[in-house]
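A.B. asks: What follows is the file upload.txt, containing compact mmCIF, N, CA and C atoms:
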```
# COMPACT_ATOMS: atom_id res chain seq x y z
N PRO A 1 0.25 -6.70 15.87
CA PRO A 1 -0.57 -6.43 14.69
C PRO A 1 -2.06 -6.53 15.02
N THR A 2 -2.83 -5.78 14.30
CA THR A 2 -4.28 -5.73 14.50
C THR A 2 -4.97 -6.56 13.43
N PRO A 3 -5.91 -7.44 13.81
CA PRO A 3 -6.66 -8.20 12.80
C PRO A 3 -7.56 -7.26 12.00
N ILE A 4 -7.59 -7.46 10.69
CA ILE A 4 -8.40 -6.63 9.80
C ILE A 4 -9.60 -7.41 9.26
N ASP A 5 -9.35 -8.66 8.84
CA ASP A 5 -10.42 -9.49 8.27
C ASP A 5 -9.99 -10.95 8.37
N CYS A 6 -10.95 -11.84 8.23
CA CYS A 6 -10.63 -13.27 8.23
C CYS A 6 -11.54 -13.99 7.24
N ASN A 7 -11.05 -15.15 6.78
CA ASN A 7 -11.80 -15.98 5.86
C ASN A 7 -11.26 -17.39 6.02
N ARG A 8 -12.11 -18.29 6.48
CA ARG A 8 -11.75 -19.69 6.70
C ARG A 8 -10.51 -19.82 7.57
N HIS A 9 -9.35 -20.12 6.99
CA HIS A 9 -8.15 -20.39 7.77
C HIS A 9 -7.15 -19.25 7.75
N GLY A 10 -7.53 -18.12 7.21
CA GLY A 10 -6.60 -17.00 7.11
C GLY A 10 -7.10 -15.77 7.83
N ILE A 11 -6.16 -15.01 8.37
CA ILE A 11 -6.48 -13.74 9.01
C ILE A 11 -5.59 -12.68 8.38
N VAL A 12 -6.19 -11.60 7.91
CA VAL A 12 -5.42 -10.47 7.39
C VAL A 12 -5.13 -9.54 8.57
N MET A 13 -3.85 -9.26 8.76
CA MET A 13 -3.43 -8.44 9.88
C MET A 13 -2.81 -7.14 9.37
N SER A 14 -2.70 -6.18 10.25
CA SER A 14 -2.02 -4.93 9.90
C SER A 14 -0.54 -5.22 9.66
N LEU A 15 0.10 -4.32 8.97
CA LEU A 15 1.51 -4.48 8.62
C LEU A 15 2.38 -4.47 9.87
N VAL A 16 3.30 -5.42 9.95
CA VAL A 16 4.25 -5.48 11.06
C VAL A 16 5.49 -4.69 10.62
N ASP A 17 5.91 -3.76 11.45
CA ASP A 17 7.09 -2.96 11.15
C ASP A 17 8.33 -3.76 11.52
N GLY A 18 8.82 -4.55 10.59
CA GLY A 18 9.99 -5.38 10.84
C GLY A 18 10.24 -6.32 9.68
N VAL A 19 11.22 -7.20 9.88
CA VAL A 19 11.57 -8.20 8.87
C VAL A 19 11.65 -9.56 9.56
N THR A 20 11.46 -10.62 8.78
CA THR A 20 11.65 -11.94 9.36
C THR A 20 13.13 -12.11 9.67
N MET A 21 13.41 -12.77 10.76
CA MET A 21 14.79 -12.90 11.22
C MET A 21 15.66 -13.69 10.25
N CYS A 22 15.06 -14.48 9.39
CA CYS A 22 15.85 -15.24 8.42
C CYS A 22 16.54 -14.32 7.41
N HIS A 23 16.09 -13.07 7.30
CA HIS A 23 16.69 -12.12 6.37
C HIS A 23 17.78 -11.26 7.00
N LEU A 24 18.05 -11.47 8.27
CA LEU A 24 19.06 -10.67 8.95
C LEU A 24 20.47 -11.06 8.52
N LYS A 25 21.28 -10.07 8.29
CA LYS A 25 22.70 -10.29 8.02
C LYS A 25 23.51 -9.93 9.27
N GLU A 26 22.95 -9.06 10.10
CA GLU A 26 23.55 -8.67 11.36
C GLU A 26 22.46 -8.58 12.40
N LEU A 27 22.86 -8.72 13.64
CA LEU A 27 21.90 -8.60 14.72
C LEU A 27 22.59 -8.00 15.93
N GLY A 28 22.23 -6.78 16.26
CA GLY A 28 22.74 -6.17 17.47
C GLY A 28 21.94 -6.69 18.65
N ASN A 29 22.55 -6.67 19.81
CA ASN A 29 21.87 -7.07 21.03
C ASN A 29 21.40 -8.52 20.99
N CYS A 30 22.25 -9.40 20.52
CA CYS A 30 21.91 -10.82 20.37
C CYS A 30 21.42 -11.46 21.66
N GLU A 31 22.09 -11.17 22.75
CA GLU A 31 21.72 -11.81 24.01
C GLU A 31 20.29 -11.46 24.41
N LYS A 32 19.91 -10.19 24.25
CA LYS A 32 18.55 -9.75 24.58
C LYS A 32 17.53 -10.42 23.68
N VAL A 33 17.80 -10.47 22.38
CA VAL A 33 16.86 -11.07 21.43
C VAL A 33 16.73 -12.56 21.69
N PHE A 34 17.85 -13.23 21.95
CA PHE A 34 17.82 -14.66 22.26
C PHE A 34 16.96 -14.91 23.50
N LYS A 35 17.20 -14.12 24.55
CA LYS A 35 16.43 -14.26 25.79
C LYS A 35 14.95 -14.04 25.54
N ASN A 36 14.61 -13.03 24.73
CA ASN A 36 13.21 -12.77 24.41
C ASN A 36 12.57 -13.94 23.67
N CYS A 37 13.31 -14.57 22.76
CA CYS A 37 12.79 -15.74 22.03
C CYS A 37 12.44 -16.87 23.00
N ILE A 38 13.37 -17.17 23.90
CA ILE A 38 13.14 -18.25 24.86
C ILE A 38 11.97 -17.90 25.78
N GLU A 39 11.90 -16.64 26.21
CA GLU A 39 10.78 -16.23 27.06
C GLU A 39 9.44 -16.36 26.35
N LEU A 40 9.40 -16.06 25.05
CA LEU A 40 8.16 -16.22 24.29
C LEU A 40 7.73 -17.68 24.21
N ILE A 41 8.68 -18.56 23.96
CA ILE A 41 8.37 -20.00 23.91
C ILE A 41 7.80 -20.44 25.26
N GLU A 42 8.43 -20.00 26.34
CA GLU A 42 7.96 -20.35 27.68
C GLU A 42 6.58 -19.76 27.97
N LYS A 43 6.37 -18.50 27.56
CA LYS A 43 5.09 -17.84 27.81
C LYS A 43 3.95 -18.55 27.08
N PHE A 44 4.21 -18.97 25.84
CA PHE A 44 3.20 -19.74 25.11
C PHE A 44 2.85 -21.01 25.90
N ALA A 45 3.89 -21.73 26.35
CA ALA A 45 3.66 -22.98 27.07
C ALA A 45 2.91 -22.74 28.37
N GLU A 46 3.27 -21.67 29.09
CA GLU A 46 2.57 -21.34 30.34
C GLU A 46 1.09 -21.06 30.09
N ASN A 47 0.78 -20.63 28.88
CA ASN A 47 -0.62 -20.34 28.52
C ASN A 47 -1.26 -21.47 27.73
N GLY A 48 -0.61 -22.65 27.74
CA GLY A 48 -1.22 -23.85 27.18
C GLY A 48 -0.94 -24.14 25.72
N LEU A 49 0.01 -23.40 25.09
CA LEU A 49 0.27 -23.59 23.66
C LEU A 49 1.74 -23.86 23.36
N ILE A 50 1.94 -24.66 22.34
CA ILE A 50 3.27 -24.88 21.76
C ILE A 50 3.16 -24.41 20.32
N HIS A 51 4.05 -23.52 19.91
CA HIS A 51 3.97 -22.95 18.55
C HIS A 51 4.16 -24.04 17.50
N GLY A 52 5.17 -24.86 17.66
CA GLY A 52 5.40 -25.98 16.74
C GLY A 52 6.27 -25.66 15.55
N ASP A 53 6.53 -24.38 15.29
CA ASP A 53 7.38 -23.99 14.16
C ASP A 53 8.06 -22.64 14.50
N PHE A 54 8.56 -22.55 15.72
CA PHE A 54 9.15 -21.32 16.24
C PHE A 54 10.60 -21.25 15.75
N ASN A 55 10.80 -20.45 14.71
CA ASN A 55 12.14 -20.33 14.13
C ASN A 55 12.28 -18.98 13.44
N GLU A 56 13.44 -18.74 12.85
CA GLU A 56 13.74 -17.44 12.25
C GLU A 56 12.83 -17.08 11.08
N PHE A 57 12.14 -18.06 10.50
CA PHE A 57 11.22 -17.79 9.40
C PHE A 57 9.87 -17.28 9.91
N ASN A 58 9.57 -17.54 11.17
CA ASN A 58 8.29 -17.16 11.76
C ASN A 58 8.43 -16.14 12.89
N LEU A 59 9.57 -15.48 12.92
CA LEU A 59 9.81 -14.41 13.88
C LEU A 59 10.16 -13.15 13.13
N MET A 60 9.43 -12.09 13.41
CA MET A 60 9.74 -10.79 12.81
C MET A 60 10.36 -9.92 13.88
N ILE A 61 11.34 -9.13 13.50
CA ILE A 61 12.03 -8.26 14.44
C ILE A 61 11.99 -6.82 13.93
N GLY A 62 11.66 -5.90 14.84
CA GLY A 62 11.61 -4.49 14.49
C GLY A 62 12.93 -3.80 14.77
N GLN A 63 13.01 -2.53 14.40
CA GLN A 63 14.23 -1.74 14.61
C GLN A 63 14.64 -1.71 16.08
N ASP A 64 13.66 -1.74 16.97
CA ASP A 64 13.94 -1.68 18.41
C ASP A 64 14.07 -3.07 19.03
N SER A 65 14.26 -4.09 18.19
CA SER A 65 14.40 -5.50 18.60
C SER A 65 13.11 -6.12 19.13
N THR A 66 11.97 -5.46 18.89
CA THR A 66 10.68 -6.04 19.27
C THR A 66 10.39 -7.25 18.39
N LEU A 67 9.96 -8.33 19.00
CA LEU A 67 9.66 -9.55 18.26
C LEU A 67 8.17 -9.71 18.04
N THR A 68 7.80 -10.19 16.85
CA THR A 68 6.43 -10.54 16.53
C THR A 68 6.44 -11.96 15.99
N VAL A 69 5.66 -12.83 16.60
CA VAL A 69 5.58 -14.23 16.17
C VAL A 69 4.46 -14.35 15.15
N ILE A 70 4.74 -15.05 14.05
CA ILE A 70 3.74 -15.25 13.00
C ILE A 70 3.58 -16.74 12.72
N ASP A 71 2.59 -17.10 11.91
CA ASP A 71 2.41 -18.44 11.37
C ASP A 71 2.09 -19.48 12.45
N PHE A 72 0.83 -19.54 12.83
CA PHE A 72 0.41 -20.41 13.92
C PHE A 72 -0.34 -21.69 13.51
N PRO A 73 -0.42 -22.09 12.25
CA PRO A 73 -1.23 -23.26 11.91
C PRO A 73 -0.81 -24.57 12.58
N GLN A 74 0.44 -24.70 12.94
CA GLN A 74 0.89 -25.95 13.55
C GLN A 74 0.91 -25.90 15.07
N CYS A 75 0.34 -24.86 15.65
CA CYS A 75 0.26 -24.68 17.10
C CYS A 75 -0.56 -25.82 17.71
N VAL A 76 -0.08 -26.35 18.85
CA VAL A 76 -0.79 -27.43 19.54
C VAL A 76 -0.90 -27.12 21.02
N SER A 77 -1.78 -27.80 21.68
CA SER A 77 -1.96 -27.68 23.12
C SER A 77 -0.78 -28.34 23.85
N VAL A 78 -0.50 -27.87 25.05
CA VAL A 78 0.55 -28.52 25.86
C VAL A 78 0.13 -29.95 26.23
N ASN A 79 -1.13 -30.27 26.03
CA ASN A 79 -1.62 -31.63 26.33
C ASN A 79 -1.52 -32.56 25.13
N HIS A 80 -1.08 -32.04 23.99
CA HIS A 80 -0.92 -32.85 22.78
C HIS A 80 0.08 -33.97 23.05
N LEU A 81 -0.14 -35.11 22.43
CA LEU A 81 0.72 -36.28 22.60
C LEU A 81 2.19 -35.97 22.35
N ASN A 82 2.49 -35.10 21.37
CA ASN A 82 3.87 -34.79 21.02
C ASN A 82 4.32 -33.39 21.49
N ALA A 83 3.60 -32.80 22.43
CA ALA A 83 3.88 -31.43 22.86
C ALA A 83 5.32 -31.25 23.33
N ILE A 84 5.84 -32.17 24.10
CA ILE A 84 7.21 -32.04 24.60
C ILE A 84 8.20 -32.04 23.45
N ASP A 85 7.99 -32.90 22.47
CA ASP A 85 8.88 -32.94 21.30
C ASP A 85 8.82 -31.64 20.52
N TYR A 86 7.62 -31.09 20.34
CA TYR A 86 7.47 -29.83 19.61
C TYR A 86 8.10 -28.67 20.38
N PHE A 87 7.90 -28.66 21.69
CA PHE A 87 8.51 -27.63 22.54
C PHE A 87 10.03 -27.69 22.41
N ASP A 88 10.59 -28.90 22.56
CA ASP A 88 12.04 -29.07 22.45
C ASP A 88 12.55 -28.65 21.08
N ARG A 89 11.80 -28.96 20.04
CA ARG A 89 12.20 -28.57 18.68
C ARG A 89 12.20 -27.05 18.53
N ASP A 90 11.19 -26.39 19.08
CA ASP A 90 11.15 -24.92 19.03
C ASP A 90 12.38 -24.32 19.71
N VAL A 91 12.71 -24.82 20.89
CA VAL A 91 13.89 -24.32 21.61
C VAL A 91 15.15 -24.60 20.81
N GLU A 92 15.27 -25.80 20.28
CA GLU A 92 16.46 -26.17 19.49
C GLU A 92 16.62 -25.28 18.26
N CYS A 93 15.52 -24.95 17.61
CA CYS A 93 15.58 -24.07 16.43
C CYS A 93 16.17 -22.71 16.79
N ILE A 94 15.80 -22.17 17.94
CA ILE A 94 16.33 -20.87 18.36
C ILE A 94 17.82 -20.99 18.68
N TYR A 95 18.21 -22.03 19.41
CA TYR A 95 19.63 -22.23 19.70
C TYR A 95 20.43 -22.39 18.40
N THR A 96 19.91 -23.13 17.46
CA THR A 96 20.60 -23.36 16.19
C THR A 96 20.75 -22.06 15.41
N PHE A 97 19.68 -21.25 15.36
CA PHE A 97 19.75 -19.97 14.65
C PHE A 97 20.83 -19.07 15.24
N PHE A 98 20.81 -18.91 16.56
CA PHE A 98 21.79 -18.01 17.18
C PHE A 98 23.20 -18.58 17.11
N ASP A 99 23.33 -19.89 17.11
CA ASP A 99 24.64 -20.51 16.91
C ASP A 99 25.16 -20.22 15.51
N ARG A 100 24.28 -20.33 14.51
CA ARG A 100 24.68 -20.01 13.13
C ARG A 100 25.07 -18.55 13.00
N MET A 101 24.34 -17.68 13.67
CA MET A 101 24.67 -16.26 13.61
C MET A 101 26.09 -16.05 14.12
N GLY A 102 26.44 -16.69 15.22
CA GLY A 102 27.77 -16.57 15.78
C GLY A 102 28.83 -17.18 14.88
N ASN A 103 28.48 -18.29 14.23
CA ASN A 103 29.44 -18.95 13.33
C ASN A 103 29.72 -18.11 12.10
N LYS A 104 28.82 -17.17 11.76
CA LYS A 104 29.05 -16.30 10.62
C LYS A 104 29.80 -15.04 11.04
N SER A 105 30.26 -15.00 12.30
CA SER A 105 31.01 -13.87 12.84
C SER A 105 30.23 -12.57 12.76
N LEU A 106 28.93 -12.64 12.99
CA LEU A 106 28.14 -11.43 12.99
C LEU A 106 28.37 -10.68 14.29
N GLU A 107 28.28 -9.39 14.22
CA GLU A 107 28.49 -8.57 15.39
C GLU A 107 27.28 -8.65 16.30
N CYS A 108 27.47 -9.20 17.47
CA CYS A 108 26.43 -9.27 18.47
C CYS A 108 26.92 -8.58 19.72
N GLU A 109 26.13 -7.62 20.19
CA GLU A 109 26.52 -6.89 21.41
C GLU A 109 26.35 -7.76 22.61
```
Step by step, read the file and then write its structure as structure tokens.
C.D. replies:
Amino acid sequence: PTPIDCNRHGIVMSLVDGVTMCHLKELGNCEKVFKNCIELIEKFAENGLIHGDFNEFNLMIGQDSTLTVIDFPQCVSVNHLNAIDYFDRDVECIYTFFDRMGNKSLECE
């Protein structure tokens, strides 16, 4: 997304072509999407950031399975006192989401 305007703590961005993953009833290519989620968490950490709220409510997915991460107010540095706990929580949230998807017998390629 492209930034359009900002004011204090908010940034108006261009429209993301996708839906938040919490609204998905089915998900094709689960393994690829799961891998992409984990890679994004790792990439943030490699660049010094922990999202802190990386879950299906803050991940948008497009028709081509492209992921867009949103909602960064709780983002912290990897040097933050609780960074490891936040990192672990982000990873756990993704595992939990994909586990729930499987428990609902959704079709995953």
A.B. asks: When you look at Tyr95 of chain A with a cut-off of 10 Å (counting only C-alpha atoms), what residues show up, excluding the ones that are within fewer than 4 positions of it in the same chain? I need them as a list of chain:residue names.
C.D. replies: A:Phe34, A:Cys37, A:Ile38, A:Asn55, A:Arg89, A:Asp90, A:Val91, A:Asp99, A:Arg100, A:Met101
A.B. asks: Which of these residues is nearest to Ala45 of chain A, using only C-alpha atoms: A:Ile11, A:Leu81, A:Cys75, A:Met60?
C.D. replies: A:Cys75
A.B. asks: To one decimal in Å, tell me the separation between atom N of Phe57 of chain A and atom CA of His9 of chain A.
C.D. replies: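 Distance between the two atoms: 20.6 Å.
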A.B. asks: Could you tell me which of A:Lys43, A:Glu26, A:Asp85, A:Asp71 comes closest to Met13 of chain A if we count only C-alpha atoms?
C.D. replies: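 That would be A:Asp71, the residue with the smallest distance to Met13 of chain A.
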A.B. asks: Can you list every residue in chain A that DSSP puts in strand (DSSP E or B), as a list in words?
C.D. replies: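 Reading the DSSP output for chain A, strand (DSSP E or B) covers Pro3, Ile4, Asp5, Cys6, Asn7, Gly10, Ile11, Val12, Met13, Val19, Thr20, Leu49, Ile50, Leu59, Met60, Ile61, Leu67, Thr68, Val69, Val76 and Ser77 of chain A.
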A.B. asks: Go through A:Val76, A:Ile61, A:Ile70, A:Ile84 and flag the residue nearest Gly28 of chain A, using only C-alpha atoms for the distances.
C.D. replies: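 Smallest distance to Gly28 of chain A is found for A:Ile61.
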A.B. asks: Would you mind telling me which residue in A:Gly10, A:Pro73, A:Gly18, A:Pro3 lies nearest to Gly52 of chain A when using all atoms listed in the file?
C.D. replies: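 Under the stated criterion, the closest residue is A:Pro73.
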A.B. asks: Out of A:Cys30, A:Leu24, A:Cys6, A:Val78, which residue has the shortest atom-to-atom distance to Phe98 of chain A when counting only N, CA and C atoms?
C.D. replies: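 Once distances to Phe98 of chain A are computed over only N, CA and C atoms, the minimum belongs to A:Cys30.
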A.B. asks: Just to confirm, what's the straight-line distance from atom N of Leu67 of chain A to atom CA of Asp88 of chain A in Å (one decimal)?
C.D. replies: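 These two atoms are separated by 21.1 Å.
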A.B. asks: Separation of atom CA of Val33 of chain A and atom C of Ser65 of chain A, in Å?
C.D. replies: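 Taking atom CA of Val33 of chain A as the start and atom C of Ser65 of chain A as the end point, the length is 6.6 Å.
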A.B. asks: Using DSSP on the backbone, list every residue of chain A that comes out as alpha helix (DSSP H), and give them as a ChimeraX atom specification.
C.D. replies: /A:30-46,83-103
A.B. asks: Under the rule that all atoms listed in the file are counted, which of A:Ile50, A:Ile94, A:Leu40, A:Leu59 is the nearest residue to Asn79 of chain A?
C.D. replies: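 Nearest to Asn79 of chain A: A:Ile50.
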